[in-house]
file start33.tsv (TSV, C-alpha atoms and all ligand atoms)
chain	number	residue	atom	x	y	z
C	1	MET	CA	6.99	0.16	-8.37
C	2	LYS	CA	4.99	2.48	-6.13
C	3	VAL	CA	2.76	4.89	-8.03
C	4	ASN	CA	0.88	7.90	-6.61
C	5	SER	CA	-1.57	9.76	-8.83
C	6	ILE	CA	-2.85	13.32	-8.76
C	7	ILE	CA	-6.10	14.17	-10.52
C	8	VAL	CA	-6.45	17.91	-11.09
C	9	ALA	CA	-10.12	18.92	-10.98
C	10	ALA	CA	-9.89	22.40	-9.52
C	11	GLY	CA	-10.41	24.37	-12.76
C	12	LYS	CA	-13.37	26.64	-13.32
C	13	GLY	CA	-14.12	25.08	-16.72
C	14	THR	CA	-14.97	28.48	-18.15
C	15	ARG	CA	-14.87	27.32	-21.78
C	16	MET	CA	-17.66	24.83	-21.10
C	17	GLY	CA	-20.24	27.29	-19.70
C	18	GLY	CA	-23.20	25.92	-17.74
C	19	GLU	CA	-23.81	25.46	-14.02
C	20	VAL	CA	-22.22	22.07	-13.40
C	21	PRO	CA	-18.39	21.82	-13.37
C	22	LYS	CA	-17.32	19.79	-16.38
C	23	THR	CA	-15.76	17.08	-14.23
C	24	LEU	CA	-19.18	16.46	-12.64
C	25	ILE	CA	-21.04	16.13	-15.94
C	26	ASN	CA	-22.91	12.84	-16.17
C	27	LEU	CA	-21.51	10.45	-18.76
C	28	ASN	CA	-23.80	7.43	-19.15
C	29	GLY	CA	-24.84	7.25	-15.51
C	30	LYS	CA	-21.52	8.21	-13.91
C	31	PRO	CA	-19.98	11.62	-13.27
C	32	CYS	CA	-16.90	12.29	-15.41
C	33	ILE	CA	-14.65	12.49	-12.32
C	34	LEU	CA	-15.74	9.04	-11.13
C	35	ARG	CA	-14.73	7.51	-14.47
C	36	THR	CA	-11.41	9.36	-14.30
C	37	ALA	CA	-10.73	8.17	-10.74
C	38	GLU	CA	-11.80	4.58	-11.43
C	39	GLY	CA	-9.45	4.55	-14.41
C	40	LEU	CA	-6.38	5.48	-12.38
C	41	LEU	CA	-7.19	3.75	-9.08
C	42	PRO	CA	-6.02	0.25	-10.11
C	43	PHE	CA	-2.55	1.66	-10.83
C	44	SER	CA	-2.26	3.98	-7.81
C	45	GLU	CA	-1.19	3.17	-4.25
C	46	LYS	CA	-2.46	6.64	-3.34
C	47	LEU	CA	-4.89	8.70	-5.39
C	48	ILE	CA	-5.06	12.44	-4.71
C	49	VAL	CA	-7.90	14.53	-6.12
C	50	VAL	CA	-7.44	18.32	-6.23
C	51	ILE	CA	-10.76	20.17	-6.06
C	52	ARG	CA	-12.22	23.61	-5.42
C	53	PRO	CA	-13.43	24.03	-1.79
C	54	GLN	CA	-16.90	25.16	-2.88
C	55	GLU	CA	-17.35	21.89	-4.80
C	56	GLU	CA	-16.16	19.59	-2.02
C	57	ALA	CA	-19.60	18.22	-1.13
C	58	ALA	CA	-20.43	17.42	-4.76
C	59	PHE	CA	-17.09	15.68	-5.37
C	60	LYS	CA	-17.32	13.68	-2.15
C	61	GLU	CA	-20.80	12.54	-3.17
C	62	ALA	CA	-19.59	11.56	-6.66
C	63	LEU	CA	-16.56	9.65	-5.34
C	64	LYS	CA	-17.83	8.56	-1.93
C	65	HIS	CA	-16.91	4.89	-2.05
C	66	LEU	CA	-13.37	5.26	-3.42
C	67	PRO	CA	-10.28	5.41	-1.17
C	68	LEU	CA	-9.03	8.90	-2.08
C	69	THR	CA	-7.27	11.90	-0.58
C	70	PHE	CA	-8.94	15.24	-1.31
C	71	VAL	CA	-6.90	18.45	-1.48
C	72	TYR	CA	-8.04	22.02	-2.13
C	73	GLY	CA	-6.59	23.54	-5.28
C	74	GLY	CA	-5.22	27.05	-5.71
C	75	ASP	CA	-5.96	29.92	-8.07
C	76	THR	CA	-3.78	28.52	-10.86
C	77	ARG	CA	-3.19	25.08	-12.29
C	78	ARG	CA	0.38	25.26	-11.00
C	79	GLN	CA	-0.73	25.91	-7.40
C	80	SER	CA	-3.22	23.06	-7.63
C	81	VAL	CA	-0.60	20.56	-8.80
C	82	GLU	CA	1.85	21.75	-6.11
C	83	ARG	CA	-0.75	21.12	-3.40
C	84	GLY	CA	-1.27	17.65	-4.84
C	85	LEU	CA	2.48	17.02	-4.89
C	86	ASN	CA	2.64	17.92	-1.18
C	87	GLN	CA	0.44	14.87	-0.50
C	88	VAL	CA	2.59	12.40	-2.45
C	89	GLU	CA	4.14	9.67	-0.30
C	90	ASP	CA	7.89	9.99	0.37
C	91	ASP	CA	8.62	6.47	-0.79
C	92	CYS	CA	6.66	6.58	-4.03
C	93	ASP	CA	8.63	6.02	-7.26
C	94	ILE	CA	6.35	7.45	-9.93
C	95	VAL	CA	3.82	10.31	-9.86
C	96	LEU	CA	1.05	10.42	-12.46
C	97	ILE	CA	-0.59	13.81	-13.02
C	98	HIS	CA	-3.91	13.66	-14.84
C	99	ASP	CA	-6.70	16.02	-15.91
C	100	GLY	CA	-9.96	15.35	-14.09
C	101	ALA	CA	-11.76	16.08	-17.37
C	102	ARG	CA	-10.16	13.10	-19.17
C	103	PRO	CA	-12.50	10.27	-18.17
C	104	ILE	CA	-11.33	7.59	-20.63
C	105	VAL	CA	-8.14	6.13	-19.16
C	106	ASN	CA	-6.37	3.55	-21.33
C	107	PRO	CA	-4.76	0.98	-18.97
C	108	GLU	CA	-2.14	-0.17	-21.50
C	109	MET	CA	-1.10	3.43	-22.00
C	110	VAL	CA	-0.79	4.03	-18.24
C	111	LYS	CA	1.47	0.98	-17.90
C	112	SER	CA	3.67	2.17	-20.77
C	113	LEU	CA	3.94	5.63	-19.20
C	114	VAL	CA	4.94	4.27	-15.79
C	115	GLU	CA	7.51	1.99	-17.40
C	116	ALA	CA	8.99	4.76	-19.57
C	117	ALA	CA	9.10	7.31	-16.72
C	118	SER	CA	10.88	4.83	-14.47
C	119	GLN	CA	13.64	4.66	-17.08
C	120	THR	CA	13.98	8.26	-18.29
C	121	GLY	CA	12.39	10.33	-15.49
C	122	ALA	CA	9.42	11.68	-17.47
C	123	ALA	CA	6.96	10.28	-20.02
C	124	ILE	CA	3.89	11.79	-21.66
C	125	PRO	CA	1.22	10.43	-24.02
C	126	ALA	CA	1.33	12.05	-27.45
C	127	VAL	CA	-0.74	11.68	-30.62
C	128	LYS	CA	0.66	12.69	-33.98
C	129	VAL	CA	-1.26	15.57	-35.52
C	130	THR	CA	-3.04	14.27	-38.65
C	131	ASP	CA	-5.11	17.30	-39.68
C	132	THR	CA	-3.44	19.89	-41.87
C	133	LEU	CA	-2.62	22.91	-39.75
C	134	LYS	CA	-2.96	26.55	-40.82
C	135	ARG	CA	-1.81	29.66	-39.08
C	136	LYS	CA	-3.91	32.79	-39.70
C	137	GLU	CA	-2.50	36.22	-39.04
C	138	ASN	CA	-4.69	39.12	-40.13
C	139	LYS	CA	-5.83	37.93	-43.57
C	140	HIS	CA	-2.69	35.97	-44.28
C	141	LEU	CA	-3.03	32.16	-44.21
C	142	GLU	CA	-0.03	29.90	-43.91
C	143	THR	CA	0.27	26.09	-43.83
C	144	VAL	CA	2.23	24.76	-40.86
C	145	ASP	CA	4.46	21.77	-41.35
C	146	ARG	CA	2.87	19.10	-39.12
C	147	ASP	CA	5.68	16.57	-39.49
C	148	ASN	CA	7.06	16.84	-35.99
C	149	LEU	CA	3.90	18.05	-34.25
C	150	TYR	CA	2.19	16.14	-31.47
C	151	ALA	CA	-0.94	16.71	-29.44
C	152	VAL	CA	-0.03	15.94	-25.84
C	153	GLN	CA	-2.37	14.33	-23.31
C	154	THR	CA	-2.38	13.19	-19.68
C	155	PRO	CA	-1.65	11.28	-17.49
C	156	GLN	CA	1.91	12.52	-17.53
C	157	ALA	CA	4.29	10.28	-15.60
C	158	PHE	CA	7.35	11.38	-13.65
C	159	ARG	CA	9.87	10.00	-11.24
C	160	ARG	CA	8.94	11.64	-7.94
C	161	GLU	CA	12.23	13.51	-7.55
C	162	THR	CA	12.11	14.70	-11.19
C	163	ILE	CA	8.73	16.44	-10.94
C	164	ILE	CA	9.45	17.91	-7.51
C	165	GLN	CA	12.74	19.32	-8.78
C	166	ALA	CA	11.04	20.65	-11.92
C	167	TYR	CA	8.51	22.57	-9.82
C	168	GLN	CA	11.25	23.95	-7.54
C	169	ASN	CA	13.32	24.92	-10.54
C	170	CYS	CA	10.78	27.00	-12.44
C	171	ALA	CA	7.95	29.25	-11.28
C	172	ASP	CA	6.06	29.38	-14.60
C	173	ASP	CA	2.42	28.36	-14.84
C	174	LEU	CA	2.34	26.10	-17.90
C	175	THR	CA	-0.53	24.11	-19.40
C	176	ASP	CA	1.29	20.85	-18.80
C	177	ASP	CA	3.76	19.55	-16.25
C	178	ALA	CA	6.23	18.07	-18.72
C	179	GLY	CA	6.92	21.64	-19.84
C	180	LEU	CA	8.66	22.30	-16.51
C	181	VAL	CA	10.81	19.20	-16.95
C	182	GLU	CA	11.71	20.38	-20.48
C	183	LYS	CA	12.74	23.76	-19.04
C	184	MET	CA	15.22	21.98	-16.75
C	185	GLY	CA	16.75	20.50	-19.87
C	186	ALA	CA	15.80	17.00	-18.76
C	187	GLU	CA	14.52	14.25	-21.05
C	188	VAL	CA	10.80	13.71	-21.65
C	189	THR	CA	9.82	10.48	-23.43
C	190	LEU	CA	6.85	10.40	-25.79
C	191	VAL	CA	4.57	7.38	-25.40
C	192	LYS	CA	1.83	6.52	-27.89
C	193	GLY	CA	-1.32	8.36	-26.79
C	194	ASP	CA	-4.92	7.36	-27.42
C	195	LYS	CA	-7.37	9.44	-29.45
C	196	THR	CA	-10.26	8.39	-27.21
C	197	ASN	CA	-8.37	9.85	-24.22
C	198	MET	CA	-10.19	13.11	-24.87
C	199	LYS	CA	-10.49	16.11	-22.60
C	200	LEU	CA	-13.92	17.57	-21.95
C	201	THR	CA	-13.40	21.18	-22.91
C	202	THR	CA	-16.37	22.43	-24.92
C	203	GLN	CA	-20.06	21.49	-25.03
C	204	GLU	CA	-19.61	19.45	-28.20
C	205	ASP	CA	-17.09	17.18	-26.44
C	206	ILE	CA	-19.84	15.84	-24.16
C	207	GLY	CA	-21.68	13.95	-26.91
C	208	LEU	CA	-18.47	12.32	-28.08
C	209	ALA	CA	-17.47	11.40	-24.51
C	210	ARG	CA	-20.89	9.78	-24.01
C	211	LEU	CA	-20.28	7.62	-27.09
C	212	TYR	CA	-16.85	6.58	-25.79
C	213	THR	CA	-18.06	5.84	-22.24
C	214	LYS	CA	-20.93	3.51	-22.96
C	215	ASP	CA	-20.49	0.74	-20.38
C	216	TRP	CA	-20.50	-2.89	-21.40
C	217	GLN	CA	-21.43	-5.44	-18.76
C	218	ARG	CA	-20.24	-9.01	-18.45
C	219	VAL	CA	-21.08	-11.73	-15.92
C	220	GLY	CA	-18.95	-14.59	-14.62
C	221	MET	CA	-19.48	-17.50	-12.26
C	222	GLY	CA	-17.11	-19.67	-10.28
C	223	TYR	CA	-17.41	-22.85	-8.23
C	224	ASP	CA	-14.94	-24.55	-5.91
C	225	VAL	CA	-14.77	-27.37	-3.35
C	226	HIS	CA	-12.12	-28.22	-0.76
C	227	ARG	CA	-11.91	-31.18	1.58
C	228	LEU	CA	-12.10	-30.61	5.38
C	229	VAL	CA	-9.14	-32.16	7.22
C	230	THR	CA	-7.63	-31.92	10.69
C	231	GLY	CA	-4.46	-29.91	11.29
C	232	ARG	CA	-5.35	-27.05	8.92
C	233	LYS	CA	-6.78	-23.58	9.57
C	234	LEU	CA	-10.22	-22.76	8.17
C	235	ILE	CA	-9.82	-19.57	6.09
C	236	LEU	CA	-12.89	-18.12	4.33
C	237	CYS	CA	-12.61	-14.77	2.48
C	238	GLY	CA	-9.36	-14.24	4.38
C	239	VAL	CA	-11.06	-14.65	7.79
C	240	GLU	CA	-9.75	-17.35	10.11
C	241	VAL	CA	-12.85	-19.15	11.39
C	242	PRO	CA	-12.32	-21.17	14.61
C	243	TYR	CA	-13.13	-24.84	13.88
C	244	GLU	CA	-11.70	-28.28	14.61
C	245	LYS	CA	-10.87	-28.79	10.93
C	246	GLY	CA	-9.61	-26.69	8.04
C	247	LEU	CA	-9.63	-26.90	4.27
C	248	ASP	CA	-6.93	-28.89	2.51
C	249	GLY	CA	-5.08	-27.34	-0.40
C	250	HIS	CA	-1.87	-25.94	-1.88
C	251	SER	CA	-2.55	-22.27	-1.01
C	252	ASP	CA	-4.56	-21.28	2.09
C	253	ALA	CA	-7.42	-23.26	0.45
C	254	ASP	CA	-9.79	-20.31	0.77
C	255	VAL	CA	-12.65	-21.90	-1.12
C	256	CYS	CA	-14.67	-18.64	-1.20
C	257	LEU	CA	-11.94	-16.57	-2.82
C	258	HIS	CA	-11.12	-19.38	-5.25
C	259	ALA	CA	-14.73	-19.39	-6.45
C	260	LEU	CA	-14.70	-15.57	-6.59
C	261	MET	CA	-11.47	-15.43	-8.61
C	262	ASP	CA	-12.85	-17.95	-11.10
C	263	ALA	CA	-16.01	-15.83	-11.41
C	264	MET	CA	-13.92	-12.73	-12.12
C	265	LEU	CA	-11.66	-14.50	-14.61
C	266	GLY	CA	-14.71	-16.13	-16.17
C	267	ALA	CA	-16.43	-12.79	-16.68
C	268	ALA	CA	-13.37	-11.56	-18.60
C	269	ALA	CA	-12.85	-14.95	-20.34
C	270	LEU	CA	-9.30	-15.04	-18.97
C	271	GLY	CA	-9.20	-18.72	-18.05
C	272	ASP	CA	-9.21	-19.95	-14.45
C	273	ILE	CA	-7.02	-19.71	-11.35
C	274	GLY	CA	-5.41	-23.06	-12.07
C	275	ALA	CA	-3.95	-21.55	-15.25
C	276	HIS	CA	-2.79	-18.32	-13.59
C	277	PHE	CA	-1.55	-19.73	-10.25
C	278	PRO	CA	-0.69	-23.41	-10.85
C	279	ASN	CA	-0.48	-25.54	-7.71
C	280	THR	CA	2.74	-27.01	-9.08
C	281	ASP	CA	4.37	-23.59	-8.60
C	282	GLY	CA	6.14	-23.30	-5.23
C	283	GLN	CA	5.59	-19.53	-4.96
C	284	TYR	CA	1.87	-20.10	-4.31
C	285	LYS	CA	2.32	-22.64	-1.50
C	286	GLY	CA	0.45	-21.36	1.56
C	287	ILE	CA	-0.11	-17.95	-0.08
C	288	SER	CA	-3.04	-15.84	1.13
C	289	SER	CA	-5.81	-16.00	-1.43
C	290	LEU	CA	-6.50	-12.32	-0.71
C	291	VAL	CA	-3.16	-11.57	-2.41
C	292	LEU	CA	-4.18	-13.73	-5.37
C	293	THR	CA	-7.56	-11.96	-5.54
C	294	GLN	CA	-5.76	-8.62	-5.85
C	295	LYS	CA	-3.63	-10.09	-8.63
C	296	VAL	CA	-6.78	-11.19	-10.47
C	297	GLN	CA	-8.21	-7.70	-10.05
C	298	GLU	CA	-5.02	-6.33	-11.64
C	299	LEU	CA	-5.29	-8.80	-14.53
C	300	LEU	CA	-8.81	-7.51	-15.20
C	301	ALA	CA	-7.81	-3.86	-14.79
C	302	ASN	CA	-5.04	-4.35	-17.35
C	303	LYS	CA	-7.71	-5.42	-19.84
C	304	GLY	CA	-9.87	-2.39	-19.02
C	305	TYR	CA	-12.41	-4.21	-16.80
C	306	PHE	CA	-13.74	-2.99	-13.45
C	307	THR	CA	-15.44	-5.38	-11.05
C	308	TYR	CA	-18.86	-3.93	-10.26
C	309	ASN	CA	-20.35	-6.34	-7.74
C	310	VAL	CA	-19.81	-9.84	-6.38
C	311	ASP	CA	-22.09	-12.38	-4.71
C	312	ILE	CA	-20.59	-15.36	-2.87
C	313	THR	CA	-22.57	-18.31	-1.50
C	314	VAL	CA	-20.64	-20.66	0.76
C	315	MET	CA	-22.08	-24.10	1.53
C	316	ALA	CA	-20.98	-25.59	4.85
C	317	GLN	CA	-22.82	-27.82	7.31
C	318	LYS	CA	-20.54	-26.60	10.12
C	319	PRO	CA	-19.32	-24.30	11.64
C	320	LYS	CA	-21.88	-21.51	11.87
C	321	LEU	CA	-20.58	-18.69	9.69
C	322	LEU	CA	-23.02	-15.88	10.47
C	323	PRO	CA	-20.70	-14.16	13.04
C	324	TYR	CA	-17.95	-13.90	10.39
C	325	ILE	CA	-19.95	-12.73	7.36
C	326	GLN	CA	-19.34	-9.00	7.89
C	327	ALA	CA	-15.55	-9.47	8.26
C	328	MET	CA	-15.57	-11.65	5.11
C	329	ARG	CA	-17.40	-8.92	3.15
C	330	ASP	CA	-15.02	-6.26	4.44
C	331	ASN	CA	-11.97	-8.28	3.36
C	332	VAL	CA	-13.26	-8.79	-0.18
C	333	ALA	CA	-14.30	-5.14	-0.46
C	334	ARG	CA	-10.82	-4.03	0.62
C	335	ALA	CA	-9.05	-6.41	-1.77
C	336	LEU	CA	-11.18	-5.26	-4.72
C	337	LYS	CA	-11.37	-1.58	-3.65
C	338	LEU	CA	-15.17	-1.81	-3.72
C	339	PRO	CA	-17.76	-0.38	-1.33
C	340	THR	CA	-19.02	-3.12	1.00
C	341	ASP	CA	-22.55	-2.77	-0.32
C	342	ARG	CA	-21.36	-4.23	-3.64
C	343	VAL	CA	-19.97	-7.32	-1.92
C	344	SER	CA	-22.39	-9.99	-0.79
C	345	VAL	CA	-21.43	-13.10	1.19
C	346	LYS	CA	-24.11	-15.64	2.13
C	347	ALA	CA	-23.80	-18.97	3.94
C	348	THR	CA	-26.04	-22.00	3.80
C	349	THR	CA	-26.02	-25.61	4.97
C	350	THR	CA	-27.18	-28.35	2.62
C	351	GLU	CA	-29.62	-29.79	5.16
C	352	GLY	CA	-27.26	-32.65	5.91
C	353	LEU	CA	-27.28	-33.86	2.31
C	354	GLY	CA	-24.29	-34.80	0.20
C	355	PHE	CA	-20.57	-34.35	0.97
C	356	VAL	CA	-21.17	-30.89	2.41
C	357	GLY	CA	-23.96	-32.21	4.63
C	358	ARG	CA	-21.71	-35.01	5.90
C	359	GLY	CA	-19.06	-32.41	6.82
C	360	GLU	CA	-16.50	-33.84	4.38
C	361	GLY	CA	-15.87	-30.54	2.67
C	362	ILE	CA	-16.99	-26.98	1.96
C	363	ALA	CA	-18.25	-25.77	-1.42
C	364	CYS	CA	-18.66	-22.26	-2.71
C	365	MET	CA	-20.31	-20.56	-5.66
C	366	ALA	CA	-19.63	-16.98	-6.74
C	367	VAL	CA	-21.05	-14.64	-9.34
C	368	CYS	CA	-19.69	-11.27	-10.37
C	369	THR	CA	-20.36	-8.55	-12.89
C	370	ILE	CA	-17.62	-6.56	-14.52
C	371	GLN	CA	-17.82	-3.42	-16.64
C	372	SER	CA	-15.77	-1.94	-19.41
C	373	HIS	CA	-16.24	1.09	-21.58
C	374	ASN	CA	-14.24	-0.44	-24.41
C	375	SER	CA	-16.68	-1.81	-27.00
C	376	ASN	CA	-14.05	-4.37	-28.07
C	377	ASN	CA	-14.36	-5.98	-24.64
C	401	MG	MG	-9.62	-24.23	-4.87

call {"tool": "encode", "arguments": {"input": "start33.tsv", "output": "structure tokens", "more": "lines below"}}
Ligand code: MG
result
Amino acid sequence: MKVNSIIVAAGKGTRMGGEVPKTLINLNGKPCILRTAEGLLPFSEKLIVVIRPQEEAAFKEALKHLPLTFVYGGDTRRQSVERGLNQVEDDCDIVLIHDGARPIVNPEMVKSLVEAASQTGAAIPAVKVTDTLKRKENKHLETVDRDNLYAVQTPQAFRRETIIQAYQNCADDLTDDAGLVEKMGAEVTLVKGDKTNMKLTTQEDIGLARLYTKDWQRVGMGYDVHRLVTGRKLILCGVEVPYEKGLDGHSDADVCLHALMDAMLGAAALGDIGAHFPNTDGQYKGISSLVLTQKVQELLANKGYFTYNVDITVMAQKPKLLPYIQAMRDNVARALKLPTDRVSVKATTTEGLGFVGRGEGIACMAVCTIQSHNSNN
């Protein structure tokens, strides 16, 4: 299912006061908007961020390493969303529309929303109201029945044609997009929301958001060895390295990416690649390990983990790998959607010692750090 996401960050944030737009407020070392974007990126083939032109430089600085499309917003929320919708890919199935000021994205919730919207056309996260509600008019106080009341959040998920039709159908400027779908008389599914999926609106929200966004770090390591044989290509970090021999194995035998995947899985305590991609399974025969690396990244994202940086050390007596290091780094960075300066690849010989030194095989070690802002992780 192809998902495009629109993050709306073109509001003036007038209820917050202060000089800095609320989406640029620092939450434990990261601007709010970066947390928001990182939360949606793993689920989005294209991520569109709607901003105010006068804040372009600040947003580009905050989000500089992420693959995003920036769009200028309009005077109203409606205009801003419409400009985002104009950038959605023709062949995308689901559009997620999310507030830039909601930095705590629950991955399980996003998956449920996409799933529900693919079935009914529209799905929104909702939390049952638990406080007693009162309505005050003049001096008269009245208790409101809260039984069927929900507080609605974002991201809101729509089939592409549903949300485009809803916008064409109705010219109102509403506070949420599902409202336009409701006005068409179409179905909107409620999905269980998350109370930590808060929206930065007033000054007092910032302290709470800082509590919720404390990052937790984990480290993992991986190690792998493959035998060098004739008649096989030598693939390292997805780069084909010219050599008289290649690595033997069930997949493309990319020893570097195997070590990296085990480091990533190890950091999240999610087992190893043998468990996830067994070599007895025909679908993995000859598969590019770059594809498997993206799958591992998805496994981590589904648990709320982001890979922060990786360091790969490949041990090979021959061939000389220096000319290929940059291409190897670029491949890993692309697969993990990371800036290249968070991907390190180093090569060493073993001074002729051991099986590596005798040219019988290539070994690789990898280390990575992952982050999560869920204290249960
Ligand atoms: Mg292996």

call {"tool": "atom_distance", "arguments": {"input": "start33.tsv", "atom1": "atom CA of C:His258", "atom2": "atom MG of ligand MG 401 (chain C)"}}
result
5.1 Å

call {"tool": "atom_distance", "arguments": {"input": "start33.tsv", "atom1": "atom CA of C:Glu244", "atom2": "atom CA of C:Gln317"}}
result
13.3 Å

call {"tool": "closest_atom_pairs", "arguments": {"input": "start33.tsv", "of": "chain C", "to": "ligand MG 401 (chain C)", "cutoff": "7 Å", "atoms": "all atoms listed in the file", "output": "tab-separated table"}}
result
residue	atom	partner	partner_atom	distance
C:Asp224	CA	C:MG401	MG	5.4
C:Val225	CA	C:MG401	MG	6.2
C:His226	CA	C:MG401	MG	6.2
C:Ala253	CA	C:MG401	MG	5.8
C:Asp254	CA	C:MG401	MG	6.9
C:Val255	CA	C:MG401	MG	5.4
C:His258	CA	C:MG401	MG	5.1

call {"tool": "residues_around", "arguments": {"input": "start33.tsv", "residues": "stretch 287-304 of chain C", "least_positions_apart": "3", "cutoff": "8 Å", "atoms": "all atoms listed in the file", "output": "NGL selection string"}}
result
:C and (42 or 106-108 or 237-238 or 251-254 or 257-258 or 261 or 264-265 or 268 or 283-284 or 307 or 331-332 or 335-336 or 372-374)

call {"tool": "closest_residue", "arguments": {"input": "start33.tsv", "among": "C:Leu190, C:Ile94, C:Leu338, C:Leu27", "to": "C:Lys64", "atoms": "all atoms listed in the file"}}
result
C:Leu338

call {"tool": "atom_distance", "arguments": {"input": "start33.tsv", "atom1": "atom CA of C:Glu89", "atom2": "atom CA of C:Pro31"}}
result
27.5 Å
